[in-house]
Amino acid sequence: MWAAKGWNEAGQEVKVPFFAEVSDGSRQNIEAALRASPSGRIPEALARELRADDPLPGIDGIESWGPIAAELVGPPEFGSGLTLFRDRFKTTEGEEIPALEWTYGAMPAALAFHFAEAIVADVSGLTEIEISSESAGTMEPSDPFTRWQMLLEWRAYLGEGTLVCEDEMPFGPPGAERQSLRLRLLGGPARLIGRIAGWMGRDESCSRDPFHHGRLRHFEKKYSGLARQWPDLGLYHVGMELFRSMYGPPPDGPVVVFVHGTFSCAVPNLVLLDPLPLPTYRFEHDTFQPIVNNAEQLVEAIKGYLKPCPVHLLAHSRGGLVAFLAAHELRQAGFSPTVRTYGTPHLGTPLANIAGRLFSFIISTGRTAAGGIFSWDPPSLAGKLLMKSLTWSTKLPEGLDVMRTDRQTLKSWRFFGDTTFPMLSYAGEYDLRKRANGACAYALVEIVDGAFRGQNNDLVVPTSSAQGAGTPQPTFSPCTHFEYFCNRRIQDEIHALAL
């Protein structure tokens, strides 16, 4: 059904070293196919991932993580939710194909499924590969869906070490007798794994992150003991007395508050920093909402619950913009805030400018990585695959759109007034050509050839933007956007806050 051809650095068409279609794309069969390739070698990061508990896009299908995602996000009775259908589609042999449907605004917004087979390839030495099918494109949209795509969800393992890249690319055009797509690679030793997905959707816009609570439930369950140690200030809106009954009286002295980035939560980041030296709180919030709204909620919770004291705001990515605004208000309220931002787009990021094509990337920037393994939770996997309907919208949610480099909002914040609190800004840079241990240069083609136009970056935010406010700290290299809290120097500085 599937075929491939490749090109080398000289632009010459060459044979793909190894390409196979695995009829049952289980992890065991994927590993067996790779071992059957001429080299028989499996990159270290891939070997670790194949044994990991977390689901992996491009490897695991909806049949494995879909039921978990549907349970965590919940049914659509209140206008948004996930439903797993086991009998919506069938193969020509009559086997059922599980499909996950997302309801938003009281009616289905998108539906997705994975075919059983997986693609496994050794793509060593190639800078480009074309994957094609002669029999794809027979699916048609059905009410209430108006659009459909066939996609390849892929993961590439580049070099030994290794840099793990991933993307979702559509086959096209829909309905054509022959469908194909091209992937850009980096040459050198590499392996590629892919799952074919079908997607149907309708035009939709979201002002709220519908997968926020499901993602939070996943990580609070996975790290239940630690999560209980870090009260969630995002729950303050339920009422001060109830909040105090849940967490007791506030502590005396300084505290740490962690503010997470886009489509993320604080728990997996704090796990990398545990144990922390001071009483620690997390601010779990909806990153699709305007940043000003997020900051107001954070200030309300801190002022309402904590005593006036030194507050160390640790903030990753977009969370640094929330912390920056909140610190101004806290200073005026008698608190003594300090802010540390890690990979924060103080001057925006060009990736937000092209989010119409890369919405799945934008909602992936809050992930964490340790040892080159990129952690995914089932609700976020569902969101990444199902929310493609938003790519047809003319505008991103306000909480994401503000990070465009051609917006004036972030520029105006630089003239908010004198920063009367200490703020340290940390940045990373990553050279893809070195292929050092790292995780997920998402949408590799856009990052390498398009968005950054030669600017140093951490794969998400230009280094200059991350250092564009406060006191710039020495740049970490190599460092991806997902690995700041794995860095020993950053860990040591945070652990020294109590001194």
# chains A, B, ... in the order shown; residues from 1 in each chain; ligands from 1

$ residues_around --residues "stretch 42-52 of chain A" --least-positions-apart "5" --cutoff "10 Å" --atoms "only C-alpha atoms" --output "ChimeraX atom specification"
/A:26-28,30-31,34-35,37,59-60,122,155-164,189-191,193,371-375,437-439

$ closest_residue --among "A:Gly348, A:Gly383, A:Gly225, A:Gly234" --to "A:Glu296" --atoms "only C-alpha atoms"
A:Gly234

$ residues_around --residues "stretch 128-130 of chain A" --least-positions-apart "6" --cutoff "6 Å" --atoms "only C-alpha atoms" --output "PDB file with N, CA and C atoms, in the first residue's frame"
ATOM      1  N   ALA A   4       8.115   4.438  -0.689  1.00  0.00           N
ATOM      2  CA  ALA A   4       8.950   5.591  -0.314  1.00  0.00           C
ATOM      3  C   ALA A   4      10.135   5.704  -1.249  1.00  0.00           C
ATOM      4  N   LYS A   5      10.584   6.941  -1.442  1.00  0.00           N
ATOM      5  CA  LYS A   5      11.838   7.202  -2.126  1.00  0.00           C
ATOM      6  C   LYS A   5      12.527   8.358  -1.433  1.00  0.00           C
ATOM      7  N   GLY A   6      13.851   8.412  -1.564  1.00  0.00           N
ATOM      8  CA  GLY A   6      14.595   9.413  -0.807  1.00  0.00           C
ATOM      9  C   GLY A   6      15.615  10.143  -1.653  1.00  0.00           C
ATOM     10  N   TRP A   7      16.158  11.221  -1.051  1.00  0.00           N
ATOM     11  CA  TRP A   7      17.181  12.041  -1.695  1.00  0.00           C
ATOM     12  C   TRP A   7      18.301  12.300  -0.693  1.00  0.00           C
ATOM     13  N   LEU A 181       3.417  12.696   0.517  1.00  0.00           N
ATOM     14  CA  LEU A 181       3.936  13.816   1.294  1.00  0.00           C
ATOM     15  C   LEU A 181       5.448  13.689   1.345  1.00  0.00           C
ATOM     16  N   ARG A 182       6.098  14.828   1.605  1.00  0.00           N
ATOM     17  CA  ARG A 182       7.550  14.855   1.718  1.00  0.00           C
ATOM     18  C   ARG A 182       7.957  15.344   3.093  1.00  0.00           C
ATOM     19  N   LEU A 183       8.962  14.691   3.656  1.00  0.00           N
ATOM     20  CA  LEU A 183       9.508  15.075   4.944  1.00  0.00           C
ATOM     21  C   LEU A 183      10.957  15.492   4.764  1.00  0.00           C
ATOM     22  N   ARG A 184      11.315  16.579   5.410  1.00  0.00           N
ATOM     23  CA  ARG A 184      12.703  17.018   5.419  1.00  0.00           C
ATOM     24  C   ARG A 184      13.421  16.385   6.593  1.00  0.00           C
ATOM     25  N   LEU A 185      14.628  15.905   6.361  1.00  0.00           N
ATOM     26  CA  LEU A 185      15.442  15.282   7.397  1.00  0.00           C
ATOM     27  C   LEU A 185      16.780  15.999   7.465  1.00  0.00           C
TER      28      LEU A 185
END

$ closest_residue --among "A:Asp232, A:Glu429, A:Asp401, A:Asp274" --to "A:Phe452" --atoms "only C-alpha atoms"
A:Glu429

$ residues_around --residues "A:Pro55" --least-positions-apart "2" --cutoff "7 Å" --atoms "only C-alpha atoms" --output "list in words"
Asp53, Pro57, Asp60, Trp65, Trp376, Asp377 and Pro378 of chain A

$ residues_around --residues "A:Val256" --least-positions-apart "2" --cutoff "6 Å" --atoms "only C-alpha atoms" --output "ChimeraX atom specification"
/A:280,311-312

$ write_last_selection --atoms "N, CA and C atoms" --output "mmCIF file, in the first residue's frame"
data_model
loop_
_atom_site.group_PDB
_atom_site.id
_atom_site.type_symbol
_atom_site.label_atom_id
_atom_site.label_comp_id
_atom_site.auth_asym_id
_atom_site.auth_seq_id
_atom_site.Cartn_x
_atom_site.Cartn_y
_atom_site.Cartn_z
ATOM 1 N N THR A 280 5.824 25.460 48.355
ATOM 2 C CA THR A 280 5.658 25.651 46.917
ATOM 3 C C THR A 280 4.198 25.529 46.512
ATOM 4 N N VAL A 311 7.754 36.396 47.351
ATOM 5 C CA VAL A 311 7.150 35.395 46.471
ATOM 6 C C VAL A 311 8.088 35.195 45.284
ATOM 7 N N HIS A 312 8.621 33.993 45.159
ATOM 8 C CA HIS A 312 9.497 33.670 44.037
ATOM 9 C C HIS A 312 8.648 33.042 42.935
#

$ residues_around --residues "A:Gln297" --least-positions-apart "6" --cutoff "9 Å" --atoms "only C-alpha atoms" --output "MDAnalysis selection string"
chainID A and resid 233:234 236:237 285 326

$ residues_around --residues "A:Cys206" --least-positions-apart "5" --cutoff "10 Å" --atoms "only C-alpha atoms" --output "NGL selection string"
:A and (104-105 or 288-289 or 387 or 389-390 or 393 or 395-398)

$ write_last_selection --atoms "N, CA and C atoms" --output "CSV table (one decimal), in the first residue's frame"
chain,number,residue,atom,x,y,z
A,104,TYR,N,-17.5,20.1,21.1
A,104,TYR,CA,-17.3,21.4,21.6
A,104,TYR,C,-18.4,22.4,21.2
A,105,GLY,N,-19.0,23.1,22.2
A,105,GLY,CA,-20.1,23.9,21.8
A,105,GLY,C,-21.4,23.1,21.5
A,288,PHE,N,-5.4,29.4,27.0
A,288,PHE,CA,-6.1,30.0,25.9
A,288,PHE,C,-6.7,31.3,26.2
A,289,GLN,N,-6.9,31.6,27.5
A,289,GLN,CA,-7.5,32.8,28.0
A,289,GLN,C,-6.5,33.9,27.9
A,387,MET,N,-7.8,19.0,17.5
A,387,MET,CA,-8.1,20.4,17.4
A,387,MET,C,-7.6,21.0,16.1
A,389,SER,N,-9.3,21.5,13.6
A,389,SER,CA,-10.3,22.4,13.1
A,389,SER,C,-9.9,23.9,13.4
A,390,LEU,N,-9.1,24.1,14.4
A,390,LEU,CA,-8.8,25.5,14.7
A,390,LEU,C,-7.8,26.1,13.7
A,393,SER,N,-9.4,28.4,11.4
A,393,SER,CA,-9.9,29.6,11.9
A,393,SER,C,-9.0,30.7,11.5
A,395,LYS,N,-8.1,33.2,13.5
A,395,LYS,CA,-7.3,33.7,14.6
A,395,LYS,C,-7.2,32.7,15.7
A,396,LEU,N,-6.0,32.7,16.3
A,396,LEU,CA,-5.8,31.8,17.4
A,396,LEU,C,-6.5,32.3,18.7
A,397,PRO,N,-6.7,31.5,19.7
A,397,PRO,CA,-7.2,32.0,21.0
A,397,PRO,C,-6.3,33.2,21.4
A,398,GLU,N,-6.9,34.1,22.1
A,398,GLU,CA,-6.2,35.3,22.5
A,398,GLU,C,-5.0,35.0,23.3

$ atom_distance --atom1 "atom CA of A:Leu432" --atom2 "atom CA of A:Tyr342"
20.0 Å
